[in-house]
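Novice: There's a structure below that I have some questions on.
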Amino acid sequence: MTTRCIRLGVVAVALTLALYLSLADHLTADAAGQQPASPQEEKPAEQVYKNIRVFKGVPASRLMAGMSRISQFLGVDCTHCHVAGEFEKDDKPTKQTARKMFQMVRTIGSTLSNPGVTCYTCHRGQAKPAPPPADWAPSEQEREQAARDQRPAEEVYKNIQALKGVLPAGRLVMVMKMFSRSLGVDCAHCHVPGEFEKDDKPAKETARRMLRLTGVIAREYYGGNSPVNCYTCHRGQVKPVSMPPVAQPKDEPPKPEIKPSASLPFVDQILDRYVQALGGTAALARVTTRVMKGSLVTQGGSSAPLEIHEKAPHKTTTTFRLPMGTTVTGFNGAVGWRQSAGTPLQELGGKELDRIKFEAEFHKELKLKERYPKMKVLGTARLGERETYAIEATALAREPEIWYFDTRSGLLLRADLVIESPQGKGTVQAFYEDYREVDGVRIPFAIRRARPGFTWTFKFDEIRFNVPVDDAKFDKPSVPQ
């Protein structure tokens with residue numbers, strides 16, 4: 001079990017960090033320690049990936065960023081529109097809807113000569129755009145009063161244009177009230193007070209253009225019965241927003257204050273209790289394979305299906321299924337490799353190979369002292385409501401790590417790590433949460449990692465032990481997968 005706790009504190013950190021940065025689209029792959037983008041990625045997306053339609057002409061290297069934004073703007077993950085692992089398929093109706101919405105956004109942009117409308121403008125992190133607040137609905141009395149005058153509005157009021165022939169006079173004031181609320185303005189925003197028929201204000205002509213646009217949307221995309229109205233985009237603001245608020249960078253999670261004490265347990269006592277808390281030596285030793293399925297979730301809400309396969313004594317693969325294809329990193333006990341969509345199969349070397357080799361040890365919970373020759377108890381530290389024992393552990397030729405073990409349960413709650421990349425050393429904090437028992441062994445179903453400015457989490461839905469896993473799964477493919 002420490003295999004999962006300690007191992008997942010470090011293993012694949014470089015990979016998951018690089019993936020997060022790609023999803024977030026604010027650092028290059030090279031800055032994350034990966035190989036530079038291949039020339040193939042500079043081709044149009046449709047020449048690299050299957051069944052590309054609305055993104056035709058978009059550089060392949062930008063596809064991930066675009067898909068990540070869509071997920072963020074709608075508050076969904078990849079599987080909302082895609083079949084996991086077979087992203088080119090059109091099986092899900094939501095994929096067709098998404099394509100139609102892209103066409104609609106382009107229609108809006110060309111009509112307004114303004115590219116500022118995005119998925120976020122209407123969705124605001126929800127799969128279905130929010131309707132106007134329920135308390136904005138006309139009262140029964142207002143409806144009855146509006147129904148009394150069914151004459152066309154242009155026969156009762158002066159200079160009716162955009163609403164000519166479509167609105168009874170009795171409903172005009174009720175509709176104008178909805179316009180005002182949706183934009184957060186009063187009548188004087190568009191009208192000259194006391195002379196409402198005048199066209200002196202530019203905002204009035206803009207409003208007419210917007211009404212014509214909603215008519216186009218209704219006819220071309222909804223068959224005349226459109227849910228799109230002023231509130232859909234404006235949400236009480238004169239100018240609709242295009243992007244979510246920029247999240248302020250978060251500082252590195254505070255380092256716990258470690259307090260020395262004269263009455264601390266020995267390292268062996270803490271580690272032995274940890275093994276017992278996980279289920280005991282015999283239960284851990286009985287596990288020879290692990291298959292873990294779930295998602296990688298970033299702080300922006302983007303996610304990707306995740307699978308980890310591990311086999312004793314030291315074999316592992318980590319698979320992410322992304323809209324642009326599948327990324328797999330593997331180690332068969334001797335050779336480490338990575339295969340990503342649109343890039344050549346890569347054999348790992350140097351420090352990256354050393355890292356995955358070190359972390360691939362399956363039963364490392366039973367070999368902690370062997371793997372970390374230098375260990376010492378630093379003291380006690382408070383993590384929220386929990387008291388912990390802090391141990392500093394140093395492996396050969398590696399930076400010291402600090403592990404925090406719950407004084408009551410004996411479980412590992414946090415690990416402070418130092419990760420090396422071509423740009424230098426960086427800190428990562430790993431938090432082990434949602435422990436559950438599987439076949440007599442306790443294991444965290446959520447592992448959250450944090451670096452200054454962002455976090456990402458492995459969330460597992462299914463963990464199984466001792467299922468058959470073919471050794472060939474861990475071998476470097478002879479041809480790209």
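Scheme for the structure tokens: letters A, B, ... for chains in order shown; per-chain residue numbers from 1; ligand numbers from 1 in order shown.
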Return as a tab-separated table the residues of stretch 244-328 of chain A lying at most 10 Å from stretch 365-373 of chain A, together with the closest atom-to-atom pair for each and the distance in Å to one decimal, counting only C-alpha atoms, with rows in chain order and ascending residue number.
Specialist:
residue	atom	partner	partner_atom	distance
A:Val267	CA	A:Lys369	CA	9.3
A:Asp268	CA	A:Lys369	CA	8.7
A:Leu271	CA	A:Leu368	CA	8.3
A:Asp272	CA	A:Leu366	CA	9.4
A:Tyr274	CA	A:Glu365	CA	9.0
A:Val275	CA	A:Glu365	CA	7.1
A:Leu278	CA	A:Glu365	CA	9.6
A:Gly280	CA	A:Leu366	CA	9.9
A:Thr281	CA	A:Leu366	CA	7.3
A:Leu284	CA	A:Glu365	CA	8.3
A:Ala285	CA	A:Leu366	CA	8.3
Novice: Write the selection just made, keeping N, CA and C atoms, as a PDB file, in the first residue's frame?
Specialist:
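What ended up in part-v5.pdb:
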ATOM      1  N   VAL A 267      11.624   5.715  14.198  1.00  0.00           N
ATOM      2  CA  VAL A 267      11.235   5.559  12.804  1.00  0.00           C
ATOM      3  C   VAL A 267      10.587   4.193  12.582  1.00  0.00           C
ATOM      4  N   ASP A 268      11.215   3.130  13.093  1.00  0.00           N
ATOM      5  CA  ASP A 268      10.684   1.781  12.898  1.00  0.00           C
ATOM      6  C   ASP A 268       9.257   1.651  13.429  1.00  0.00           C
ATOM      7  N   LEU A 271       6.824   3.400  10.949  1.00  0.00           N
ATOM      8  CA  LEU A 271       6.674   2.654   9.701  1.00  0.00           C
ATOM      9  C   LEU A 271       5.950   1.329   9.921  1.00  0.00           C
ATOM     10  N   ASP A 272       6.260   0.644  11.021  1.00  0.00           N
ATOM     11  CA  ASP A 272       5.559  -0.613  11.307  1.00  0.00           C
ATOM     12  C   ASP A 272       4.065  -0.369  11.499  1.00  0.00           C
ATOM     13  N   TYR A 274       2.372   2.045  10.232  1.00  0.00           N
ATOM     14  CA  TYR A 274       1.848   2.398   8.918  1.00  0.00           C
ATOM     15  C   TYR A 274       1.489   1.134   8.130  1.00  0.00           C
ATOM     16  N   VAL A 275       2.405   0.165   8.102  1.00  0.00           N
ATOM     17  CA  VAL A 275       2.145  -1.083   7.401  1.00  0.00           C
ATOM     18  C   VAL A 275       0.919  -1.779   7.996  1.00  0.00           C
ATOM     19  N   LEU A 278      -2.274  -0.183   6.894  1.00  0.00           N
ATOM     20  CA  LEU A 278      -2.625  -0.501   5.510  1.00  0.00           C
ATOM     21  C   LEU A 278      -3.208  -1.892   5.357  1.00  0.00           C
ATOM     22  N   GLY A 280      -1.352  -4.789   6.994  1.00  0.00           N
ATOM     23  CA  GLY A 280      -0.387  -5.758   7.490  1.00  0.00           C
ATOM     24  C   GLY A 280       0.497  -6.318   6.400  1.00  0.00           C
ATOM     25  N   THR A 281       1.661  -6.827   6.817  1.00  0.00           N
ATOM     26  CA  THR A 281       2.659  -7.316   5.869  1.00  0.00           C
ATOM     27  C   THR A 281       2.112  -8.433   4.986  1.00  0.00           C
ATOM     28  N   LEU A 284      -0.370  -7.126   2.309  1.00  0.00           N
ATOM     29  CA  LEU A 284       0.311  -6.362   1.272  1.00  0.00           C
ATOM     30  C   LEU A 284       1.104  -7.272   0.353  1.00  0.00           C
ATOM     31  N   ALA A 285       1.773  -8.278   0.949  1.00  0.00           N
ATOM     32  CA  ALA A 285       2.603  -9.174   0.146  1.00  0.00           C
ATOM     33  C   ALA A 285       1.767 -10.030  -0.802  1.00  0.00           C
TER      34      ALA A 285
END
Novice: Tell me which protein, DNA and RNA residues are within 9 Å of A:Leu417, counting only C-alpha atoms, leaving out same-chain ones fewer than 2 positions away, and put them as a PyMOL selection string.
Specialist: chain A and resi 9-10+399-403+415+419+426-430
Novice: Could you list, as a list in words, every residue within 10 Å of stretch 139-146 of chain A, counting only C-alpha atoms and ignoring same-chain residues fewer than 5 positions away?
Specialist: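 The filter keeps Pro168, Ala169, Gly170, Arg171, Leu172, Val173 and Met174 of chain A.
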Novice: Identify, on the basis of only C-alpha atoms, every residue whose closest approach to A:Phe320 does not exceed 7 Å; exclude the query and any residue fewer than 3 positions from it along the same chain; express the result as an NGL selection string.
Specialist: :A and (304-307 or 326-328)
Novice: Which parts of stretch 265-438 of chain A does DSSP call strand (DSSP E or B) when run on the backbone here, written out as a PyMOL selection string?
Specialist: chain A and resi 289-298+303-311+315-322+325-331+336-339+346-347+374-383+386-394+401-406+412-421+424-438
Novice: Per residue of stretch 220-246 of chain A within 10 Å of stretch 124-128 of chain A, what are the shortest atom pair and its distance in Å to one decimal, counting only C-alpha atoms, with rows by chain and residue number, as JSON lines?
Specialist:
{"residue": "A:Thr232", "atom": "CA", "partner": "A:Arg124", "partner_atom": "CA", "distance": 9.9}
{"residue": "A:Cys233", "atom": "CA", "partner": "A:Arg124", "partner_atom": "CA", "distance": 9.5}
{"residue": "A:Arg235", "atom": "CA", "partner": "A:Arg124", "partner_atom": "CA", "distance": 10.0}
{"residue": "A:Val241", "atom": "CA", "partner": "A:Arg124", "partner_atom": "CA", "distance": 9.3}
{"residue": "A:Ser242", "atom": "CA", "partner": "A:Arg124", "partner_atom": "CA", "distance": 9.4}
{"residue": "A:Met243", "atom": "CA", "partner": "A:Arg124", "partner_atom": "CA", "distance": 8.6}
{"residue": "A:Pro244", "atom": "CA", "partner": "A:Arg124", "partner_atom": "CA", "distance": 7.3}
Novice: Find the residues around A:Met210 up to 12 Å (only C-alpha atoms counted), leave out those fewer than 2 positions away in its own chain, and share them as an NGL selection string.
Specialist: :A and (108-109 or 111-112 or 162-163 or 179 or 203-208 or 212-217 or 228-231 or 233-234)
Novice: What does the distance from atom CA of A:Gln72 to atom CA of A:Cys119 come to in Å, to one decimal?
Specialist: 9.5 Å
Novice: Would you list the contacts of A:Arg290 as a list in words, taking every protein, DNA or RNA residue within 7 Å and counting only C-alpha atoms, but skipping same-chain residues closer than 5 positions in sequence?
Specialist: His309, Glu310, Lys311, Arg464, Phe465 and Asn466 of chain A
Novice: Write out as a count of residues only all residues of stretch 60-233 of chain A that backbone DSSP assigns to helix (DSSP H, G or I).
Specialist: 100
Novice: Compile the contact shell of A:Thr317 as a VMD selection string: residues with an atom at most 10 Å away, counting only C-alpha atoms, same-chain residues fewer than 5 positions apart removed.
Specialist: chain A and resid 12 291 307 to 311 328 to 332 336 to 338 360 473 to 475
Novice: For the selection you just gave me, I'd like the residues written to a file as a CSV table (one decimal), in the first residue's frame, keeping N, CA and C atoms.
Specialist:
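Now in again17.csv:
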chain,number,residue,atom,x,y,z
A,12,ALA,N,5.2,9.3,-12.1
A,12,ALA,CA,4.4,10.0,-13.1
A,12,ALA,C,4.2,11.4,-12.8
A,291,VAL,N,-4.8,-2.7,-10.8
A,291,VAL,CA,-5.4,-2.0,-11.9
A,291,VAL,C,-6.3,-0.9,-11.3
A,307,GLU,N,-5.9,5.4,-16.3
A,307,GLU,CA,-5.8,4.0,-16.0
A,307,GLU,C,-4.3,3.8,-15.6
A,308,ILE,N,-4.1,3.0,-14.5
A,308,ILE,CA,-2.8,2.6,-14.0
A,308,ILE,C,-2.8,1.1,-13.9
A,309,HIS,N,-1.8,0.5,-14.5
A,309,HIS,CA,-1.6,-1.0,-14.4
A,309,HIS,C,-0.2,-1.2,-13.7
A,310,GLU,N,-0.1,-2.0,-12.7
A,310,GLU,CA,1.1,-2.3,-12.1
A,310,GLU,C,1.2,-3.8,-11.8
A,311,LYS,N,2.5,-4.3,-11.9
A,311,LYS,CA,2.7,-5.7,-11.6
A,311,LYS,C,4.0,-5.9,-10.9
A,328,VAL,N,0.5,7.2,-23.1
A,328,VAL,CA,0.9,6.1,-22.3
A,328,VAL,C,2.3,6.2,-21.9
A,329,THR,N,2.6,6.0,-20.6
A,329,THR,CA,4.0,5.9,-20.1
A,329,THR,C,4.2,4.6,-19.5
A,330,GLY,N,5.2,3.8,-19.8
A,330,GLY,CA,5.4,2.5,-19.3
A,330,GLY,C,6.8,2.2,-18.9
A,331,PHE,N,7.0,1.1,-18.1
A,331,PHE,CA,8.3,0.6,-17.7
A,331,PHE,C,8.1,-0.9,-17.5
A,332,ASN,N,9.0,-1.7,-18.1
A,332,ASN,CA,8.9,-3.1,-18.0
A,332,ASN,C,9.9,-3.8,-17.1
A,336,GLY,N,12.0,2.1,-20.1
A,336,GLY,CA,10.9,3.1,-19.9
A,336,GLY,C,10.6,3.7,-21.3
A,337,TRP,N,9.3,4.0,-21.5
A,337,TRP,CA,8.9,4.6,-22.8
A,337,TRP,C,7.7,5.5,-22.6
A,338,ARG,N,7.4,6.3,-23.6
A,338,ARG,CA,6.2,7.1,-23.7
A,338,ARG,C,5.7,7.2,-25.1
A,360,ALA,N,8.9,2.3,-9.8
A,360,ALA,CA,8.2,1.2,-10.2
A,360,ALA,C,8.2,0.0,-9.3
A,473,LYS,N,2.0,-5.9,-21.7
A,473,LYS,CA,1.4,-4.6,-21.6
A,473,LYS,C,2.5,-3.5,-21.2
A,474,PHE,N,3.6,-4.0,-20.6
A,474,PHE,CA,4.6,-3.0,-20.0
A,474,PHE,C,5.7,-2.8,-21.0
A,475,ASP,N,5.8,-3.7,-22.0
A,475,ASP,CA,6.9,-3.6,-23.0
A,475,ASP,C,6.7,-2.4,-23.9
